[in-house]
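Novice: Sharing a structure below in structure tokens format, with a few things to ask.
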Amino acid sequence: MSSETTSHKPRVAVVFGGRSSEHAISVLTAGAVLRAIDREKYDVLPIGITTDGRWALTADDPERMAIADRQLPTVAALAESTEGGVVLPVDPTNREVVYNEPGSVPKALGEVDVVFPVLHGPYGEDGTLQGLLELSGVPYVGSGVLASAVGQDKDYMKRVFTSFGLPVGPYEVIRPREWDRDPAAARRKIVDFAAEHGWPLFVKPARAGSSMGITKVDDLGGLDEAIEEARRHDPKILVESLLRGREIECGVLEFEDGPRASVPAEIPPVTAHDFYDFEAKYIDSADGIVPAPLTDGQTAQVQELAVAAFEAASCEGLVRADFFLQDNGEFVINEINTLPGFTPISMYPRMWQESGVSYPELIDRLLQAALDRSTGLR
């Protein structure tokens, strides 16, 4: 923290938007976070990143960061200028944020004590922003570079979980070089996987979230279109077999004595959609059941697995862990999300609300943990 910290409120830069396909979801999350931050305890500086990567000074107006008439919000619509850019110095001795606009004298926006990144997907949740903040020496909410990268890449995430003995379902990965070198061979790899594990399959980007680019493929006829859709979001794709069972989620939050798990939630079958896709999550607002109707033993087991996944990937701050409770009674971990959504309908804050941690308290706890944690090796 800066030398003035004892005499002023900590300055929080809420960074949102970004270059990934989850840009709009990040804006939704930022709106909810800005509503919840205790303004008597923190000063707030909203910084939006446009889809082309410009860091923009934006209005502190959560009401404009919501879905209106099924239209998703953007940083471009919130930016105070179409050209001005915010600059965070890559210098651990200087936390002065500056705003530059062509033809104008640079404007100092003051020092930042902590960053709350609410970016989802590549160029924000994947360790890239975390690396910049480490170079700048600015504390930030959430996991560090390695855990963020592992949490974004479902291929390496599953490899880490497997190495720690956590249960994962069958999957196959098609890397960019495989596809570029021999698309037919890469496609045969998927067909062979289907022959071994059966249809339907899920074809998805390896490094995306919010159910972006995911297709449920029932037979060979839909495979090529599904591959094309996944590769539109990420040249590296993941293929998973269908796991029959219930979708269970569990939140993990870091307390002073270590990570703890929330009560779990269940995502019920979505009758209007093939699976819990983007439309179901954010437009049609499928309701999760909190707490999940599980036995005490099942609840304890999924909570233990969620914390184990948090520890396996060396996470910090927060994680949402997603599972399948299979028909045979066994849990399989599907993925973790190191920066889960904080929209009003998001499962992570709902699970902690049910666990006794209110939304404003959740935001405060994450910020205080970040302020108490040093940057660099730890």
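Residues in the structure tokens are named by chain (A, B, ... in the order shown) and by number from 1 within that chain; ligands are numbered from 1 in the order shown.
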Write out, as CSV, each residue of stretch 136-238 of chain A that has an atom at most 9 Å from stretch 112-131 of chain A, together with the closest pair of atoms and their distance in Å to one decimal, counting only C-alpha atoms, rows going by chain and rising number.
Specialist:
```
residue,atom,partner,partner_atom,distance
A:Ser136,CA,A:Gly131,CA,8.6
A:Val138,CA,A:Val114,CA,6.0
A:Pro139,CA,A:Val114,CA,4.9
A:Tyr140,CA,A:Val115,CA,4.5
A:Val141,CA,A:Phe116,CA,5.2
A:Gly142,CA,A:Pro117,CA,8.1
A:Ser143,CA,A:Gln130,CA,8.0
A:Gly144,CA,A:Gln130,CA,6.0
A:Val145,CA,A:Gly127,CA,4.2
A:Leu146,CA,A:Gly127,CA,6.6
A:Ala147,CA,A:Gly127,CA,7.6
A:Ser148,CA,A:Gly127,CA,4.8
A:Ala149,CA,A:Asp126,CA,4.4
A:Val150,CA,A:Asp126,CA,7.6
A:Gly151,CA,A:Asp126,CA,7.2
A:Gln152,CA,A:Asp126,CA,5.3
A:Asp153,CA,A:Asp126,CA,7.9
A:Arg207,CA,A:Gly121,CA,7.0
A:Ala208,CA,A:Gly121,CA,5.4
A:Gly209,CA,A:Gly121,CA,6.1
A:Ser210,CA,A:His120,CA,8.4
```
Novice: Keeping only N, CA and C atoms, write those residues as an mmCIF file, in the first residue's frame.
Specialist:
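And here's selection_33.cif as it stands now:
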```
data_model
loop_
_atom_site.group_PDB
_atom_site.id
_atom_site.type_symbol
_atom_site.label_atom_id
_atom_site.label_comp_id
_atom_site.auth_asym_id
_atom_site.auth_seq_id
_atom_site.Cartn_x
_atom_site.Cartn_y
_atom_site.Cartn_z
ATOM 1 N N SER A 136 3.863 -4.172 -11.828
ATOM 2 C CA SER A 136 3.554 -2.848 -11.290
ATOM 3 C C SER A 136 3.624 -2.807 -9.773
ATOM 4 N N VAL A 138 1.244 -3.755 -7.777
ATOM 5 C CA VAL A 138 -0.068 -3.365 -7.259
ATOM 6 C C VAL A 138 -0.833 -4.609 -6.802
ATOM 7 N N PRO A 139 -1.280 -4.668 -5.557
ATOM 8 C CA PRO A 139 -2.073 -5.815 -5.098
ATOM 9 C C PRO A 139 -3.367 -5.937 -5.898
ATOM 10 N N TYR A 140 -3.858 -7.171 -6.004
ATOM 11 C CA TYR A 140 -5.074 -7.399 -6.778
ATOM 12 C C TYR A 140 -5.862 -8.562 -6.201
ATOM 13 N N VAL A 141 -7.149 -8.540 -6.456
ATOM 14 C CA VAL A 141 -8.054 -9.591 -5.998
ATOM 15 C C VAL A 141 -7.862 -10.842 -6.853
ATOM 16 N N GLY A 142 -7.842 -11.990 -6.193
ATOM 17 C CA GLY A 142 -7.850 -13.252 -6.919
ATOM 18 C C GLY A 142 -6.500 -13.907 -7.061
ATOM 19 N N SER A 143 -6.480 -14.952 -7.877
ATOM 20 C CA SER A 143 -5.308 -15.799 -8.034
ATOM 21 C C SER A 143 -4.181 -15.107 -8.781
ATOM 22 N N GLY A 144 -2.965 -15.644 -8.590
ATOM 23 C CA GLY A 144 -1.783 -15.135 -9.250
ATOM 24 C C GLY A 144 -1.653 -15.630 -10.678
ATOM 25 N N VAL A 145 -0.479 -15.432 -11.246
ATOM 26 C CA VAL A 145 -0.243 -15.710 -12.663
ATOM 27 C C VAL A 145 -0.454 -17.185 -12.984
ATOM 28 N N LEU A 146 0.207 -18.073 -12.248
ATOM 29 C CA LEU A 146 0.126 -19.501 -12.563
ATOM 30 C C LEU A 146 -1.284 -20.042 -12.395
ATOM 31 N N ALA A 147 -1.889 -19.785 -11.235
ATOM 32 C CA ALA A 147 -3.232 -20.321 -10.971
ATOM 33 C C ALA A 147 -4.246 -19.763 -11.956
ATOM 34 N N SER A 148 -4.093 -18.496 -12.324
ATOM 35 C CA SER A 148 -5.017 -17.903 -13.294
ATOM 36 C C SER A 148 -4.880 -18.575 -14.656
ATOM 37 N N ALA A 149 -3.638 -18.837 -15.069
ATOM 38 C CA ALA A 149 -3.409 -19.496 -16.353
ATOM 39 C C ALA A 149 -3.955 -20.921 -16.343
ATOM 40 N N VAL A 150 -3.702 -21.640 -15.264
ATOM 41 C CA VAL A 150 -4.211 -23.017 -15.138
ATOM 42 C C VAL A 150 -5.734 -23.018 -15.121
ATOM 43 N N GLY A 151 -6.318 -22.062 -14.409
ATOM 44 C CA GLY A 151 -7.769 -21.996 -14.316
ATOM 45 C C GLY A 151 -8.440 -21.629 -15.625
ATOM 46 N N GLN A 152 -7.697 -20.995 -16.534
ATOM 47 C CA GLN A 152 -8.277 -20.603 -17.820
ATOM 48 C C GLN A 152 -8.163 -21.704 -18.862
ATOM 49 N N ASP A 153 -7.084 -22.489 -18.788
ATOM 50 C CA ASP A 153 -6.818 -23.509 -19.801
ATOM 51 C C ASP A 153 -7.322 -24.864 -19.305
ATOM 52 N N ARG A 207 -9.961 -22.437 -23.804
ATOM 53 C CA ARG A 207 -9.645 -21.288 -22.942
ATOM 54 C C ARG A 207 -10.707 -20.210 -23.027
ATOM 55 N N ALA A 208 -11.952 -20.585 -22.832
ATOM 56 C CA ALA A 208 -13.060 -19.629 -22.803
ATOM 57 C C ALA A 208 -13.995 -20.027 -21.668
ATOM 58 N N GLY A 209 -14.934 -19.155 -21.355
ATOM 59 C CA GLY A 209 -15.879 -19.428 -20.285
ATOM 60 C C GLY A 209 -17.259 -18.931 -20.650
ATOM 61 N N SER A 210 -18.130 -18.868 -19.636
ATOM 62 C CA SER A 210 -19.514 -18.418 -19.829
ATOM 63 C C SER A 210 -20.235 -19.222 -20.905
#
```
Novice: Neighbouring residues of stretch 225-236 of chain A were defined as those with any atom within 8 Å, considering only C-alpha atoms; residues of the same chain fewer than 3 positions away were excluded. Please report them as a list in words.
Specialist: Ser21, Val173, Ile174, Arg175, Pro176, Val203, Lys204, Pro205, Ala206, Arg207, Ala208, Met212, Gly213, Ile214, Thr215, Lys216, Val217 and Gly222 of chain A
Novice: Based on the selection just made, write N, CA and C atoms of those residues as a short mmCIF file (atom, residue, chain, number, x, y, z; two decimals), in the first residue's frame.
Specialist:
```cif
data_model
loop_
_atom_site.label_atom_id
_atom_site.label_comp_id
_atom_site.auth_asym_id
_atom_site.auth_seq_id
_atom_site.Cartn_x
_atom_site.Cartn_y
_atom_site.Cartn_z
N SER A 21 -14.26 -12.93 -25.66
CA SER A 21 -15.67 -13.04 -26.05
C SER A 21 -16.61 -12.87 -24.86
N VAL A 173 -7.95 -33.37 -26.43
CA VAL A 173 -7.55 -32.01 -26.78
C VAL A 173 -7.01 -31.99 -28.21
N ILE A 174 -7.42 -31.01 -28.96
CA ILE A 174 -6.86 -30.76 -30.30
C ILE A 174 -6.14 -29.42 -30.25
N ARG A 175 -4.81 -29.47 -30.35
CA ARG A 175 -4.01 -28.25 -30.28
C ARG A 175 -3.92 -27.58 -31.65
N PRO A 176 -3.63 -26.27 -31.67
CA PRO A 176 -3.60 -25.54 -32.94
C PRO A 176 -2.67 -26.17 -33.98
N VAL A 203 -18.08 -30.16 -27.66
CA VAL A 203 -16.90 -29.56 -28.28
C VAL A 203 -16.85 -28.12 -27.81
N LYS A 204 -15.71 -27.72 -27.24
CA LYS A 204 -15.65 -26.38 -26.64
C LYS A 204 -14.26 -25.77 -26.80
N PRO A 205 -14.17 -24.44 -26.73
CA PRO A 205 -12.86 -23.79 -26.68
C PRO A 205 -12.15 -24.21 -25.40
N ALA A 206 -10.85 -24.42 -25.47
CA ALA A 206 -10.10 -24.82 -24.27
C ALA A 206 -9.92 -23.68 -23.29
N ARG A 207 -9.96 -22.44 -23.80
CA ARG A 207 -9.65 -21.29 -22.94
C ARG A 207 -10.71 -20.21 -23.03
N ALA A 208 -11.95 -20.59 -22.83
CA ALA A 208 -13.06 -19.63 -22.80
C ALA A 208 -14.00 -20.03 -21.67
N MET A 212 -19.30 -19.96 -23.74
CA MET A 212 -19.07 -19.43 -25.08
C MET A 212 -18.49 -20.52 -25.99
N GLY A 213 -19.03 -20.64 -27.19
CA GLY A 213 -18.46 -21.50 -28.20
C GLY A 213 -18.66 -22.99 -27.99
N ILE A 214 -19.51 -23.37 -27.04
CA ILE A 214 -19.71 -24.79 -26.74
C ILE A 214 -20.87 -25.33 -27.57
N THR A 215 -20.68 -26.52 -28.12
CA THR A 215 -21.73 -27.18 -28.88
C THR A 215 -21.89 -28.62 -28.40
N LYS A 216 -23.11 -29.00 -28.17
CA LYS A 216 -23.41 -30.41 -27.90
C LYS A 216 -23.62 -31.10 -29.25
N VAL A 217 -22.81 -32.12 -29.52
CA VAL A 217 -22.83 -32.80 -30.82
C VAL A 217 -23.42 -34.20 -30.64
N GLY A 222 -22.94 -33.25 -37.03
CA GLY A 222 -22.79 -31.91 -36.46
C GLY A 222 -21.38 -31.58 -36.02
#
```
Novice: Hey, what's within 7 Å of stretch 307-323 of chain A if we count only C-alpha atoms and toss same-chain stuff fewer than 6 positions away? As an NGL selection string, please?
Specialist: :A and (141-143 or 147 or 150 or 160-161 or 164 or 247-254 or 259-261 or 331-340 or 348 or 366)
Novice: Could the residues in this selection be saved with C-alpha atoms as a PDB file, in the first residue's frame?
Specialist:
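Result file is selection.pdb:
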```
ATOM      1  CA  VAL A 141      -8.054  -9.591  -5.998  1.00  0.00           C
ATOM      2  CA  GLY A 142      -7.850 -13.252  -6.919  1.00  0.00           C
ATOM      3  CA  SER A 143      -5.308 -15.799  -8.034  1.00  0.00           C
ATOM      4  CA  ALA A 147      -3.232 -20.321 -10.971  1.00  0.00           C
ATOM      5  CA  VAL A 150      -4.211 -23.017 -15.138  1.00  0.00           C
ATOM      6  CA  VAL A 160      -3.192 -30.633 -12.722  1.00  0.00           C
ATOM      7  CA  PHE A 161      -6.305 -32.154 -11.159  1.00  0.00           C
ATOM      8  CA  PHE A 164      -3.378 -34.480  -7.558  1.00  0.00           C
ATOM      9  CA  GLU A 247     -24.614 -30.348 -12.134  1.00  0.00           C
ATOM     10  CA  ILE A 248     -23.292 -29.188  -8.763  1.00  0.00           C
ATOM     11  CA  GLU A 249     -21.315 -26.020  -8.026  1.00  0.00           C
ATOM     12  CA  CYS A 250     -19.401 -24.978  -4.916  1.00  0.00           C
ATOM     13  CA  GLY A 251     -17.719 -21.706  -3.995  1.00  0.00           C
ATOM     14  CA  VAL A 252     -14.346 -21.420  -2.288  1.00  0.00           C
ATOM     15  CA  LEU A 253     -13.297 -18.275  -0.431  1.00  0.00           C
ATOM     16  CA  GLU A 254      -9.996 -17.595   1.301  1.00  0.00           C
ATOM     17  CA  PRO A 259      -9.818 -21.560   2.080  1.00  0.00           C
ATOM     18  CA  ARG A 260     -13.345 -22.621   3.003  1.00  0.00           C
ATOM     19  CA  ALA A 261     -16.160 -23.992   0.873  1.00  0.00           C
ATOM     20  CA  PHE A 331     -18.413 -36.689  -8.114  1.00  0.00           C
ATOM     21  CA  VAL A 332     -16.345 -35.622 -11.126  1.00  0.00           C
ATOM     22  CA  ILE A 333     -14.835 -32.147 -11.288  1.00  0.00           C
ATOM     23  CA  ASN A 334     -15.581 -30.376 -14.550  1.00  0.00           C
ATOM     24  CA  GLU A 335     -13.658 -27.108 -14.074  1.00  0.00           C
ATOM     25  CA  ILE A 336     -12.795 -24.228 -11.782  1.00  0.00           C
ATOM     26  CA  ASN A 337     -13.343 -20.545 -12.449  1.00  0.00           C
ATOM     27  CA  THR A 338     -10.828 -18.243 -10.762  1.00  0.00           C
ATOM     28  CA  LEU A 339     -12.884 -15.099 -11.437  1.00  0.00           C
ATOM     29  CA  PRO A 340     -16.494 -16.286 -11.366  1.00  0.00           C
ATOM     30  CA  TYR A 348     -20.902 -17.709  -6.560  1.00  0.00           C
ATOM     31  CA  LEU A 366     -11.767 -10.091  -1.152  1.00  0.00           C
TER      32      LEU A 366
END
```
Novice: Please compute the atom CA of A:Gln326-atom CA of A:Lys154 distance, one decimal, in Å.
Specialist: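 Between atom CA of A:Gln326 and atom CA of A:Lys154 the gap is 20.1 Å.
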Novice: How far is it from atom CA of A:Met65 to atom CA of A:Val90, in Å with one decimal?
Specialist: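 So the two atoms, atom CA of A:Met65 and atom CA of A:Val90, lie 28.8 Å apart.
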Novice: Give the alpha helix (DSSP H) residues of stretch 275-357 of chain A, as DSSP finds them on the backbone, and put them as a ChimeraX atom specification.
Specialist: /A:278,296-312,347-354
Novice: Could you list, as an MDAnalysis selection string, every residue within 9 Å of A:Glu111, counting only C-alpha atoms and ignoring same-chain residues fewer than 2 positions away?
Specialist: chainID A and resid 2 11 94:97 108:109 113
Novice: Which residues in stretch 61-297 of chain A does DSSP call strand (DSSP E or B)? List them as a ChimeraX atom specification.
Specialist: /A:68,71,79,85-87,96-100,107-111,114-117,140,171-174,201-205,215-217,237-241,245-255,258-261,265-267,289
Novice: Figure out the distance between atom CA of A:Gln301 and atom CA of A:Pro200, please, to one decimal in Å.
Specialist: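 Spanning atom CA of A:Pro200 to atom CA of A:Gln301 is a straight-line distance of 28.2 Å.
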Novice: Determine, counting only C-alpha atoms, which protein, DNA and RNA residues have an atom within 7 Å of an atom of stretch 72-84 of chain A; residues of the same chain fewer than 3 positions away are not included. Present the result as an mmCIF file with N, CA and C atoms, in the first residue's frame.
Specialist:
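And here is the file that came out, around_24.cif:
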```cif
data_model
loop_
_atom_site.group_PDB
_atom_site.id
_atom_site.type_symbol
_atom_site.label_atom_id
_atom_site.label_comp_id
_atom_site.auth_asym_id
_atom_site.auth_seq_id
_atom_site.Cartn_x
_atom_site.Cartn_y
_atom_site.Cartn_z
ATOM 1 N N GLY A 17 -14.390 -5.435 -18.665
ATOM 2 C CA GLY A 17 -14.527 -5.440 -20.120
ATOM 3 C C GLY A 17 -13.553 -6.430 -20.730
ATOM 4 N N ALA A 24 -18.958 -8.641 -22.493
ATOM 5 C CA ALA A 24 -20.220 -8.133 -21.931
ATOM 6 C C ALA A 24 -20.484 -8.693 -20.548
ATOM 7 N N VAL A 27 -18.660 -6.697 -18.066
ATOM 8 C CA VAL A 27 -19.314 -5.412 -17.787
ATOM 9 C C VAL A 27 -20.473 -5.618 -16.810
ATOM 10 N N GLY A 48 -12.458 0.651 -17.822
ATOM 11 C CA GLY A 48 -12.950 -0.347 -18.759
ATOM 12 C C GLY A 48 -11.940 -0.600 -19.866
ATOM 13 N N ILE A 49 -11.843 -1.851 -20.296
ATOM 14 C CA ILE A 49 -10.977 -2.193 -21.421
ATOM 15 C C ILE A 49 -11.879 -2.549 -22.598
ATOM 16 N N THR A 50 -11.704 -1.834 -23.703
ATOM 17 C CA THR A 50 -12.553 -2.053 -24.867
ATOM 18 C C THR A 50 -12.182 -3.367 -25.547
ATOM 19 N N ALA A 56 -9.954 2.464 -21.015
ATOM 20 C CA ALA A 56 -10.763 3.679 -21.076
ATOM 21 C C ALA A 56 -11.237 4.104 -19.688
ATOM 22 N N LEU A 57 -11.292 5.402 -19.489
ATOM 23 C CA LEU A 57 -11.922 5.949 -18.290
ATOM 24 C C LEU A 57 -13.424 5.902 -18.511
ATOM 25 N N THR A 58 -14.149 5.291 -17.605
ATOM 26 C CA THR A 58 -15.583 5.083 -17.808
ATOM 27 C C THR A 58 -16.396 5.739 -16.705
ATOM 28 N N ALA A 59 -17.650 5.921 -16.994
ATOM 29 C CA ALA A 59 -18.574 6.463 -16.008
ATOM 30 C C ALA A 59 -18.767 5.466 -14.868
ATOM 31 N N MET A 65 -24.635 -0.658 -16.783
ATOM 32 C CA MET A 65 -23.855 -1.881 -16.966
ATOM 33 C C MET A 65 -24.740 -3.114 -16.819
ATOM 34 N N ALA A 66 -25.935 -3.028 -17.334
ATOM 35 C CA ALA A 66 -26.899 -4.122 -17.191
ATOM 36 C C ALA A 66 -27.462 -4.485 -18.554
ATOM 37 N N ILE A 67 -28.093 -5.654 -18.626
ATOM 38 C CA ILE A 67 -28.779 -6.068 -19.844
ATOM 39 C C ILE A 67 -30.056 -5.247 -19.982
ATOM 40 N N ALA A 68 -30.239 -4.616 -21.135
ATOM 41 C CA ALA A 68 -31.443 -3.826 -21.392
ATOM 42 C C ALA A 68 -32.075 -4.303 -22.693
ATOM 43 N N TYR A 99 -4.217 9.500 -17.227
ATOM 44 C CA TYR A 99 -5.153 9.470 -18.348
ATOM 45 C C TYR A 99 -4.610 10.347 -19.466
ATOM 46 N N ASN A 100 -4.401 9.724 -20.622
ATOM 47 C CA ASN A 100 -3.887 10.453 -21.788
ATOM 48 C C ASN A 100 -4.962 10.592 -22.846
ATOM 49 N N GLU A 101 -5.076 11.794 -23.398
ATOM 50 C CA GLU A 101 -5.992 12.019 -24.507
ATOM 51 C C GLU A 101 -5.257 12.830 -25.558
ATOM 52 N N PRO A 102 -5.356 12.461 -26.832
ATOM 53 C CA PRO A 102 -4.629 13.182 -27.885
ATOM 54 C C PRO A 102 -4.888 14.689 -27.834
#
```
Novice: Pick from A:Thr295, A:Ser26, A:Ser358, A:Ser20: nearest to A:Gly53, with only C-alpha atoms counted?
Specialist: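 Closest to A:Gly53, using only C-alpha atoms: A:Ser20.
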Novice: Measuring between only C-alpha atoms, which one of A:Val86, A:Ile237, A:Leu362, A:Leu45 shows the shortest distance to A:Glu178?
Specialist: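 Result for the nearest residue to A:Glu178: A:Ile237.
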Novice: Would you mind telling me which residue in A:Asp296, A:Glu361, A:Trp55, A:Val14 lies nearest to A:Asp43 when using only C-alpha atoms?
Specialist: A:Val14
